[in-house]
>>> print(open('query_22.tsv').read())   # TSV, N, CA and C atoms
chain	number	residue	atom	x	y	z
A	819	MET	N	20.23	11.68	-14.44
A	819	MET	CA	19.59	12.57	-13.49
A	819	MET	C	18.73	11.74	-12.53
A	820	GLN	N	18.92	11.95	-11.23
A	820	GLN	CA	18.18	11.21	-10.23
A	820	GLN	C	16.81	11.82	-10.05
A	821	ASP	N	15.80	10.95	-9.85
A	821	ASP	CA	14.45	11.45	-9.62
A	821	ASP	C	14.40	12.16	-8.28
A	822	SER	N	13.72	13.28	-8.24
A	822	SER	CA	13.53	13.98	-6.97
A	822	SER	C	12.31	13.38	-6.29
A	823	PRO	N	12.21	13.54	-4.95
A	823	PRO	CA	11.03	13.03	-4.26
A	823	PRO	C	9.74	13.59	-4.82
A	824	SER	N	9.74	14.88	-5.20
A	824	SER	CA	8.50	15.46	-5.72
A	824	SER	C	8.11	14.83	-7.05
A	825	ASN	N	9.12	14.49	-7.90
A	825	ASN	CA	8.82	13.80	-9.15
A	825	ASN	C	8.24	12.42	-8.88
A	826	ASN	N	8.82	11.71	-7.90
A	826	ASN	CA	8.31	10.38	-7.55
A	826	ASN	C	6.90	10.46	-7.01
A	827	PHE	N	6.62	11.46	-6.16
A	827	PHE	CA	5.29	11.61	-5.60
A	827	PHE	C	4.29	11.97	-6.68
A	828	SER	N	4.68	12.81	-7.62
A	828	SER	CA	3.79	13.17	-8.72
A	828	SER	C	3.46	11.95	-9.56
A	829	ALA	N	4.46	11.13	-9.83
A	829	ALA	CA	4.24	9.91	-10.61
A	829	ALA	C	3.34	8.95	-9.85
A	830	ALA	N	3.54	8.84	-8.54
A	830	ALA	CA	2.71	7.95	-7.72
A	830	ALA	C	1.26	8.44	-7.71
A	831	ALA	N	1.07	9.75	-7.57
A	831	ALA	CA	-0.28	10.31	-7.57
A	831	ALA	C	-0.97	10.06	-8.90
A	832	ALA	N	-0.23	10.20	-9.99
A	832	ALA	CA	-0.81	9.95	-11.32
A	832	ALA	C	-1.17	8.48	-11.47
A	833	ALA	N	-0.32	7.60	-10.95
A	833	ALA	CA	-0.60	6.16	-11.04
A	833	ALA	C	-1.83	5.79	-10.21
A	834	ILE	N	-1.97	6.39	-9.04
A	834	ILE	CA	-3.15	6.13	-8.21
A	834	ILE	C	-4.40	6.62	-8.92
A	835	GLU	N	-4.31	7.80	-9.50
A	835	GLU	CA	-5.47	8.34	-10.24
A	835	GLU	C	-5.85	7.41	-11.39
A	836	LYS	N	-4.86	6.91	-12.12
A	836	LYS	CA	-5.14	5.99	-13.23
A	836	LYS	C	-5.78	4.70	-12.70
A	837	LEU	N	-5.28	4.19	-11.58
A	837	LEU	CA	-5.84	2.99	-10.99
A	837	LEU	C	-7.31	3.21	-10.63
A	838	LEU	N	-7.62	4.35	-10.05
A	838	LEU	CA	-9.00	4.65	-9.69
A	838	LEU	C	-9.89	4.79	-10.93
A	839	GLN	N	-9.34	5.34	-12.00
A	839	GLN	CA	-10.10	5.44	-13.25
A	839	GLN	C	-10.41	4.04	-13.81
A	840	VAL	N	-9.42	3.16	-13.77
A	840	VAL	CA	-9.63	1.79	-14.25
A	840	VAL	C	-10.68	1.10	-13.39
A	841	MET	N	-10.61	1.29	-12.07
A	841	MET	CA	-11.60	0.67	-11.18
A	841	MET	C	-13.00	1.18	-11.52
A	842	ALA	N	-13.13	2.47	-11.75
A	842	ALA	CA	-14.44	3.04	-12.11
A	842	ALA	C	-14.94	2.45	-13.42
A	843	MET	N	-14.05	2.29	-14.38
A	843	MET	CA	-14.42	1.71	-15.66
A	843	MET	C	-14.90	0.26	-15.47
A	844	LEU	N	-14.18	-0.51	-14.68
A	844	LEU	CA	-14.56	-1.91	-14.45
A	844	LEU	C	-15.90	-2.04	-13.75
A	845	ARG	N	-16.24	-1.05	-12.92
A	845	ARG	CA	-17.48	-1.12	-12.15
A	845	ARG	C	-18.63	-0.35	-12.79
A	846	HIS	N	-18.43	0.14	-13.99
A	846	HIS	CA	-19.50	0.88	-14.66
A	846	HIS	C	-20.70	-0.06	-14.81
A	847	PRO	N	-21.90	0.35	-14.37
A	847	PRO	CA	-23.06	-0.55	-14.37
A	847	PRO	C	-23.44	-1.09	-15.75
A	848	GLU	N	-23.21	-0.33	-16.80
A	848	GLU	CA	-23.62	-0.76	-18.14
A	848	GLU	C	-22.48	-1.34	-18.96
A	849	HIS	N	-21.28	-0.80	-18.80
A	849	HIS	CA	-20.16	-1.19	-19.67
A	849	HIS	C	-19.00	-1.82	-18.89
A	850	GLY	N	-19.21	-2.10	-17.62
A	850	GLY	CA	-18.14	-2.63	-16.79
A	850	GLY	C	-17.89	-4.11	-17.04
A	851	CYS	N	-16.92	-4.62	-16.32
A	851	CYS	CA	-16.54	-6.03	-16.39
A	851	CYS	C	-17.57	-6.87	-15.63
A	852	PRO	N	-18.23	-7.84	-16.29
A	852	PRO	CA	-19.24	-8.64	-15.60
A	852	PRO	C	-18.69	-9.33	-14.34
A	853	TRP	N	-17.47	-9.86	-14.42
A	853	TRP	CA	-16.89	-10.53	-13.25
A	853	TRP	C	-16.76	-9.54	-12.10
A	854	ASP	N	-16.23	-8.35	-12.39
A	854	ASP	CA	-16.02	-7.35	-11.36
A	854	ASP	C	-17.34	-6.91	-10.75
A	855	LEU	N	-18.34	-6.73	-11.58
A	855	LEU	CA	-19.64	-6.28	-11.09
A	855	LEU	C	-20.29	-7.29	-10.16
A	856	GLU	N	-19.97	-8.57	-10.33
A	856	GLU	CA	-20.56	-9.62	-9.49
A	856	GLU	C	-19.86	-9.76	-8.13
A	857	GLN	N	-18.69	-9.18	-7.99
A	857	GLN	CA	-17.92	-9.37	-6.76
A	857	GLN	C	-18.51	-8.59	-5.59
A	858	SER	N	-18.29	-9.13	-4.41
A	858	SER	CA	-18.67	-8.47	-3.17
A	858	SER	C	-17.42	-8.34	-2.30
A	859	ILE	N	-17.55	-7.65	-1.21
A	859	ILE	CA	-16.41	-7.55	-0.28
A	859	ILE	C	-15.98	-8.95	0.13
A	860	ASN	N	-16.92	-9.78	0.50
A	860	ASN	CA	-16.58	-11.13	0.95
A	860	ASN	C	-15.95	-11.98	-0.14
A	861	SER	N	-16.38	-11.81	-1.37
A	861	SER	CA	-15.79	-12.62	-2.45
A	861	SER	C	-14.39	-12.14	-2.80
A	862	LEU	N	-14.07	-10.88	-2.44
A	862	LEU	CA	-12.73	-10.35	-2.73
A	862	LEU	C	-11.69	-10.73	-1.68
A	863	VAL	N	-12.14	-11.15	-0.50
A	863	VAL	CA	-11.20	-11.49	0.57
A	863	VAL	C	-10.22	-12.58	0.14
A	864	PRO	N	-10.68	-13.70	-0.43
A	864	PRO	CA	-9.72	-14.74	-0.84
A	864	PRO	C	-8.71	-14.24	-1.88
A	865	PHE	N	-9.15	-13.37	-2.78
A	865	PHE	CA	-8.23	-12.82	-3.78
A	865	PHE	C	-7.18	-11.94	-3.11
A	866	THR	N	-7.60	-11.20	-2.09
A	866	THR	CA	-6.67	-10.34	-1.36
A	866	THR	C	-5.60	-11.19	-0.69
A	867	ILE	N	-6.03	-12.24	-0.02
A	867	ILE	CA	-5.09	-13.14	0.66
A	867	ILE	C	-4.16	-13.80	-0.35
A	868	GLU	N	-4.71	-14.23	-1.47
A	868	GLU	CA	-3.90	-14.85	-2.52
A	868	GLU	C	-2.82	-13.89	-3.01
A	869	GLU	N	-3.18	-12.63	-3.23
A	869	GLU	CA	-2.20	-11.66	-3.71
A	869	GLU	C	-1.10	-11.41	-2.68
A	870	VAL	N	-1.45	-11.39	-1.40
A	870	VAL	CA	-0.44	-11.23	-0.35
A	870	VAL	C	0.54	-12.40	-0.40
A	871	TYR	N	0.02	-13.61	-0.51
A	871	TYR	CA	0.89	-14.78	-0.60
A	871	TYR	C	1.79	-14.73	-1.84
A	872	GLU	N	1.26	-14.25	-2.94
A	872	GLU	CA	2.06	-14.15	-4.16
A	872	GLU	C	3.17	-13.10	-4.02
A	873	VAL	N	2.90	-12.02	-3.30
A	873	VAL	CA	3.94	-11.02	-3.03
A	873	VAL	C	5.04	-11.65	-2.18
A	874	VAL	N	4.64	-12.35	-1.13
A	874	VAL	CA	5.61	-13.01	-0.25
A	874	VAL	C	6.43	-14.04	-1.01
A	875	ASP	N	5.77	-14.81	-1.86
A	875	ASP	CA	6.47	-15.82	-2.65
A	875	ASP	C	7.53	-15.19	-3.55
A	876	ALA	N	7.19	-14.10	-4.19
A	876	ALA	CA	8.15	-13.41	-5.07
A	876	ALA	C	9.34	-12.90	-4.26
A	877	ILE	N	9.07	-12.39	-3.07
A	877	ILE	CA	10.16	-11.92	-2.20
A	877	ILE	C	11.06	-13.08	-1.83
A	878	GLU	N	10.45	-14.18	-1.40
A	878	GLU	CA	11.24	-15.34	-0.98
A	878	GLU	C	12.07	-15.91	-2.11
A	879	ARG	N	11.58	-15.79	-3.34
A	879	ARG	CA	12.33	-16.26	-4.50
A	879	ARG	C	13.29	-15.20	-5.03
A	880	ASN	N	13.26	-14.02	-4.40
A	880	ASN	CA	14.10	-12.89	-4.82
A	880	ASN	C	13.86	-12.55	-6.30
A	881	ASP	N	12.61	-12.65	-6.72
A	881	ASP	CA	12.23	-12.37	-8.11
A	881	ASP	C	11.57	-10.99	-8.13
A	882	MET	N	12.37	-9.97	-8.37
A	882	MET	CA	11.86	-8.61	-8.27
A	882	MET	C	10.93	-8.24	-9.43
A	883	VAL	N	11.08	-8.89	-10.56
A	883	VAL	CA	10.14	-8.64	-11.66
A	883	VAL	C	8.77	-9.17	-11.27
A	884	ASP	N	8.72	-10.40	-10.76
A	884	ASP	CA	7.46	-10.98	-10.31
A	884	ASP	C	6.91	-10.19	-9.12
A	885	PHE	N	7.80	-9.76	-8.23
A	885	PHE	CA	7.37	-8.97	-7.08
A	885	PHE	C	6.64	-7.71	-7.53
A	886	GLU	N	7.20	-7.03	-8.50
A	886	GLU	CA	6.57	-5.79	-8.98
A	886	GLU	C	5.18	-6.09	-9.55
A	887	ASP	N	5.07	-7.17	-10.32
A	887	ASP	CA	3.76	-7.56	-10.86
A	887	ASP	C	2.77	-7.88	-9.74
A	888	GLU	N	3.22	-8.67	-8.77
A	888	GLU	CA	2.33	-9.09	-7.69
A	888	GLU	C	1.97	-7.92	-6.78
A	889	LEU	N	2.91	-7.02	-6.55
A	889	LEU	CA	2.60	-5.84	-5.75
A	889	LEU	C	1.54	-5.00	-6.45
A	890	GLY	N	1.66	-4.86	-7.76
A	890	GLY	CA	0.64	-4.14	-8.52
A	890	GLY	C	-0.72	-4.80	-8.38
A	891	ASP	N	-0.75	-6.15	-8.44
A	891	ASP	CA	-2.01	-6.86	-8.26
A	891	ASP	C	-2.60	-6.61	-6.87
A	892	LEU	N	-1.73	-6.62	-5.86
A	892	LEU	CA	-2.19	-6.38	-4.49
A	892	LEU	C	-2.74	-4.96	-4.35
A	893	LEU	N	-2.08	-3.99	-4.94
A	893	LEU	CA	-2.57	-2.61	-4.89
A	893	LEU	C	-3.91	-2.49	-5.61
A	894	PHE	N	-4.05	-3.23	-6.70
A	894	PHE	CA	-5.31	-3.22	-7.45
A	894	PHE	C	-6.45	-3.77	-6.59
A	895	VAL	N	-6.19	-4.88	-5.90
A	895	VAL	CA	-7.20	-5.47	-5.02
A	895	VAL	C	-7.54	-4.51	-3.88
A	896	ALA	N	-6.51	-3.86	-3.31
A	896	ALA	CA	-6.75	-2.91	-2.23
A	896	ALA	C	-7.62	-1.74	-2.71
A	897	ALA	N	-7.35	-1.26	-3.91
A	897	ALA	CA	-8.17	-0.17	-4.45
A	897	ALA	C	-9.60	-0.64	-4.70
A	898	ASN	N	-9.75	-1.88	-5.16
A	898	ASN	CA	-11.07	-2.45	-5.39
A	898	ASN	C	-11.84	-2.52	-4.08
A	899	LEU	N	-11.19	-3.00	-3.02
A	899	LEU	CA	-11.85	-3.07	-1.72
A	899	LEU	C	-12.24	-1.67	-1.23
A	900	SER	N	-11.34	-0.71	-1.39
A	900	SER	CA	-11.63	0.64	-0.90
A	900	SER	C	-12.83	1.24	-1.62
A	901	ARG	N	-12.91	1.04	-2.90
A	901	ARG	CA	-14.05	1.58	-3.66
A	901	ARG	C	-15.34	0.92	-3.23
A	902	ARG	N	-15.31	-0.38	-3.02
A	902	ARG	CA	-16.52	-1.10	-2.62
A	902	ARG	C	-16.98	-0.70	-1.22
A	903	LEU	N	-16.03	-0.30	-0.38
A	903	LEU	CA	-16.37	0.11	0.99
A	903	LEU	C	-16.52	1.63	1.11
A	904	ASN	N	-16.46	2.32	-0.04
A	904	ASN	CA	-16.57	3.78	-0.07
A	904	ASN	C	-15.52	4.46	0.81
A	905	VAL	N	-14.32	3.92	0.75
A	905	VAL	CA	-13.18	4.50	1.46
A	905	VAL	C	-12.29	5.15	0.41
A	906	ASP	N	-11.96	6.41	0.61
A	906	ASP	CA	-11.10	7.13	-0.31
A	906	ASP	C	-9.67	6.60	-0.13
A	907	PRO	N	-9.11	5.90	-1.13
A	907	PRO	CA	-7.77	5.33	-0.96
A	907	PRO	C	-6.69	6.39	-0.75
A	908	GLU	N	-6.87	7.55	-1.35
A	908	GLU	CA	-5.89	8.62	-1.13
A	908	GLU	C	-5.94	9.10	0.32
A	909	GLN	N	-7.13	9.22	0.87
A	909	GLN	CA	-7.28	9.62	2.27
A	909	GLN	C	-6.70	8.54	3.18
A	910	ALA	N	-6.96	7.27	2.86
A	910	ALA	CA	-6.40	6.18	3.66
A	910	ALA	C	-4.88	6.21	3.63
A	911	LEU	N	-4.31	6.50	2.48
A	911	LEU	CA	-2.85	6.58	2.36
A	911	LEU	C	-2.31	7.78	3.13
A	912	ARG	N	-3.02	8.91	3.06
A	912	ARG	CA	-2.59	10.08	3.83
A	912	ARG	C	-2.62	9.77	5.34
A	913	ARG	N	-3.66	9.07	5.79
A	913	ARG	CA	-3.75	8.70	7.20
A	913	ARG	C	-2.63	7.75	7.58
A	914	ALA	N	-2.33	6.79	6.72
A	914	ALA	CA	-1.24	5.85	6.99
A	914	ALA	C	0.09	6.59	7.06
A	915	ASN	N	0.31	7.53	6.14
A	915	ASN	CA	1.54	8.33	6.17
A	915	ASN	C	1.65	9.13	7.47
A	916	ALA	N	0.54	9.75	7.89
A	916	ALA	CA	0.55	10.54	9.11
A	916	ALA	C	0.82	9.64	10.32
A	917	LYS	N	0.22	8.46	10.34
A	917	LYS	CA	0.45	7.53	11.45
A	917	LYS	C	1.91	7.10	11.49
A	918	PHE	N	2.47	6.79	10.32
A	918	PHE	CA	3.88	6.39	10.27
A	918	PHE	C	4.76	7.52	10.78
A	919	GLU	N	4.48	8.74	10.33
A	919	GLU	CA	5.29	9.87	10.76
A	919	GLU	C	5.18	10.09	12.26
A	920	ARG	N	3.95	10.00	12.83
A	920	ARG	CA	3.78	10.14	14.29
A	920	ARG	C	4.60	9.10	15.03
A	921	ARG	N	4.52	7.87	14.56
A	921	ARG	CA	5.25	6.79	15.23
A	921	ARG	C	6.76	7.01	15.13
A	922	PHE	N	7.23	7.41	13.95
A	922	PHE	CA	8.66	7.62	13.79
A	922	PHE	C	9.12	8.79	14.66
A	923	ARG	N	8.33	9.87	14.72
A	923	ARG	CA	8.68	11.01	15.58
A	923	ARG	C	8.73	10.57	17.04
A	924	ALA	N	7.83	9.68	17.45
A	924	ALA	CA	7.84	9.16	18.83
A	924	ALA	C	9.11	8.35	19.08
A	925	ILE	N	9.54	7.57	18.10
A	925	ILE	CA	10.80	6.82	18.23
A	925	ILE	C	11.96	7.79	18.37
A	926	GLU	N	11.98	8.82	17.51
A	926	GLU	CA	13.05	9.82	17.60
A	926	GLU	C	13.07	10.48	18.98
A	927	ALA	N	11.91	10.83	19.50
A	927	ALA	CA	11.83	11.49	20.80
A	927	ALA	C	12.31	10.56	21.92
A	928	ALA	N	11.89	9.29	21.87
A	928	ALA	CA	12.31	8.34	22.89
A	928	ALA	C	13.82	8.13	22.85
A	929	LEU	N	14.37	8.05	21.65
A	929	LEU	CA	15.82	7.88	21.53
A	929	LEU	C	16.56	9.14	21.96
A	930	LYS	N	15.98	10.29	21.67
A	930	LYS	CA	16.62	11.56	22.07
A	930	LYS	C	16.72	11.64	23.58
A	931	GLU	N	15.71	11.13	24.28
A	931	GLU	CA	15.76	11.11	25.75
A	931	GLU	C	16.94	10.27	26.24
A	932	GLN	N	17.37	9.34	25.40
A	932	GLN	CA	18.53	8.49	25.73
A	932	GLN	C	19.82	9.05	25.12
A	933	ASN	N	19.73	10.27	24.59
A	933	ASN	CA	20.86	10.91	23.90
A	933	ASN	C	21.37	10.05	22.74
A	934	ARG	N	20.42	9.50	21.96
A	934	ARG	CA	20.76	8.65	20.82
A	934	ARG	C	20.00	9.13	19.60
A	935	LYS	N	20.51	8.73	18.43
A	935	LYS	CA	19.86	9.02	17.16
A	935	LYS	C	19.30	7.71	16.60
A	936	PRO	N	18.29	7.80	15.73
A	936	PRO	CA	17.72	6.57	15.17
A	936	PRO	C	18.75	5.65	14.50
A	937	GLU	N	19.72	6.25	13.83
A	937	GLU	CA	20.71	5.41	13.14
A	937	GLU	C	21.62	4.67	14.12
A	938	GLU	N	21.56	5.04	15.40
A	938	GLU	CA	22.36	4.35	16.42
A	938	GLU	C	21.59	3.21	17.09
A	939	ALA	N	20.31	3.11	16.82
A	939	ALA	CA	19.47	2.08	17.43
A	939	ALA	C	19.42	0.85	16.53
A	940	THR	N	19.25	-0.30	17.17
A	940	THR	CA	19.07	-1.53	16.39
A	940	THR	C	17.63	-1.59	15.88
A	941	LEU	N	17.41	-2.44	14.92
A	941	LEU	CA	16.04	-2.63	14.42
A	941	LEU	C	15.13	-3.14	15.52
A	942	GLN	N	15.66	-4.01	16.39
A	942	GLN	CA	14.86	-4.54	17.49
A	942	GLN	C	14.47	-3.43	18.46
A	943	GLU	N	15.39	-2.51	18.75
A	943	GLU	CA	15.09	-1.40	19.64
A	943	GLU	C	14.01	-0.49	19.02
A	944	MET	N	14.16	-0.22	17.74
A	944	MET	CA	13.19	0.65	17.07
A	944	MET	C	11.82	-0.04	17.01
A	945	ASP	N	11.83	-1.34	16.76
A	945	ASP	CA	10.58	-2.09	16.70
A	945	ASP	C	9.87	-2.06	18.05
A	946	ALA	N	10.64	-2.19	19.14
A	946	ALA	CA	10.05	-2.15	20.48
A	946	ALA	C	9.43	-0.78	20.77
A	947	LEU	N	10.02	0.27	20.23
A	947	LEU	CA	9.50	1.62	20.43
A	947	LEU	C	8.31	1.92	19.50
A	948	TRP	N	8.16	1.17	18.45
A	948	TRP	CA	7.12	1.41	17.44
A	948	TRP	C	5.76	1.35	18.07
>>> encode(input="query_22.tsv", output="structure tokens")
Amino acid sequence: MQDSPSNNFSAAAAAIEKLLQVMAMLRHPEHGCPWDLEQSINSLVPFTIEEVYEVVDAIERNDMVDFEDELGDLLFVAANLSRRLNVDPEQALRRANAKFERRFRAIEAALKEQNRKPEEATLQEMDALW
């Protein structure tokens, strides 16, 4: 049985909620992780960059198991940054989704003016319209 989009979204929402719970646990003032409690936004920047490089490295090596691990690490760092900056990661994701949808709808509209569909455009054409 193939997963439906709603099942995938439900699983993603549950995973995000679990990630936020772990972040809250790590930052608990009395029982949290001492290393995590000592971190600042500035001290997290190098870790963020390192995780991005590790994601890219896994992609370049075509190591999807490592990629999944590194992507999880990158998402963890992103959630850590969002909590420290008091940014709701779910709201940030909703805004990113809305921005992506607006941009894609604009691409569709521009192509429609040319009597074309997105699947008829090259990646370069779509990128130029992005």
>>> select_by_dssp(input="query_22.tsv", residues="stretch 832-937 of chain A", states="helix (DSSP H, G or I)", output="number ranges by chain")
A: 832-844, 852-856, 859-878, 882-902, 907-931, 936-937
>>> closest_residue(input="query_22.tsv", among="A:Trp948, A:Phe885, A:Phe865, A:Trp853", to="A:Lys917", atoms="only C-alpha atoms")
A:Trp948
>>> atom_distance(input="query_22.tsv", atom1="atom CA of A:Asp854", atom2="atom CA of A:Ala830")
24.5 Å
>>> residues_around(input="query_22.tsv", residues="A:Leu862", least_positions_apart="6", cutoff="12 Å", atoms="only C-alpha atoms", output="PyMOL selection string")
chain A and resi 853-856+868-869+892+894-900+902-903
>>> residues_near_point(input="query_22.tsv", point="(3.6, -7.6, -10.7)", cutoff="12 Å", atoms="only C-alpha atoms", output="MDAnalysis selection string")
chainID A and resid 869:870 872:877 881:894
>>> atom_distance(input="query_22.tsv", atom1="atom CA of A:Cys851", atom2="atom CA of A:Ala831")
24.7 Å
>>> closest_residue(input="query_22.tsv", among="A:His846, A:Leu941, A:Gln857, A:Leu947", to="A:Ala924", atoms="only N, CA and C atoms")
A:Leu947
>>> axis_aligned_box(input="query_22.tsv", around="stretch 904-917 of chain A", padding_each_side="8 Å", output="JSON")
{"center_x": -7.3, "center_y": 6.4, "center_z": 5.1, "size_x": 34.5, "size_y": 24.2, "size_z": 28.8}
>>> atom_distance(input="query_22.tsv", atom1="atom N of A:Met944", atom2="atom CA of A:Ile925")
7.8 Å
>>> closest_residue(input="query_22.tsv", among="A:Ser828, A:Arg934, A:Lys836, A:Ala928", to="A:Ala946", atoms="only C-alpha atoms")
A:Ala928
>>> closest_residue(input="query_22.tsv", among="A:Arg901, A:Asn933, A:Asn860, A:Arg921", to="A:Ala842", atoms="only C-alpha atoms")
A:Arg901
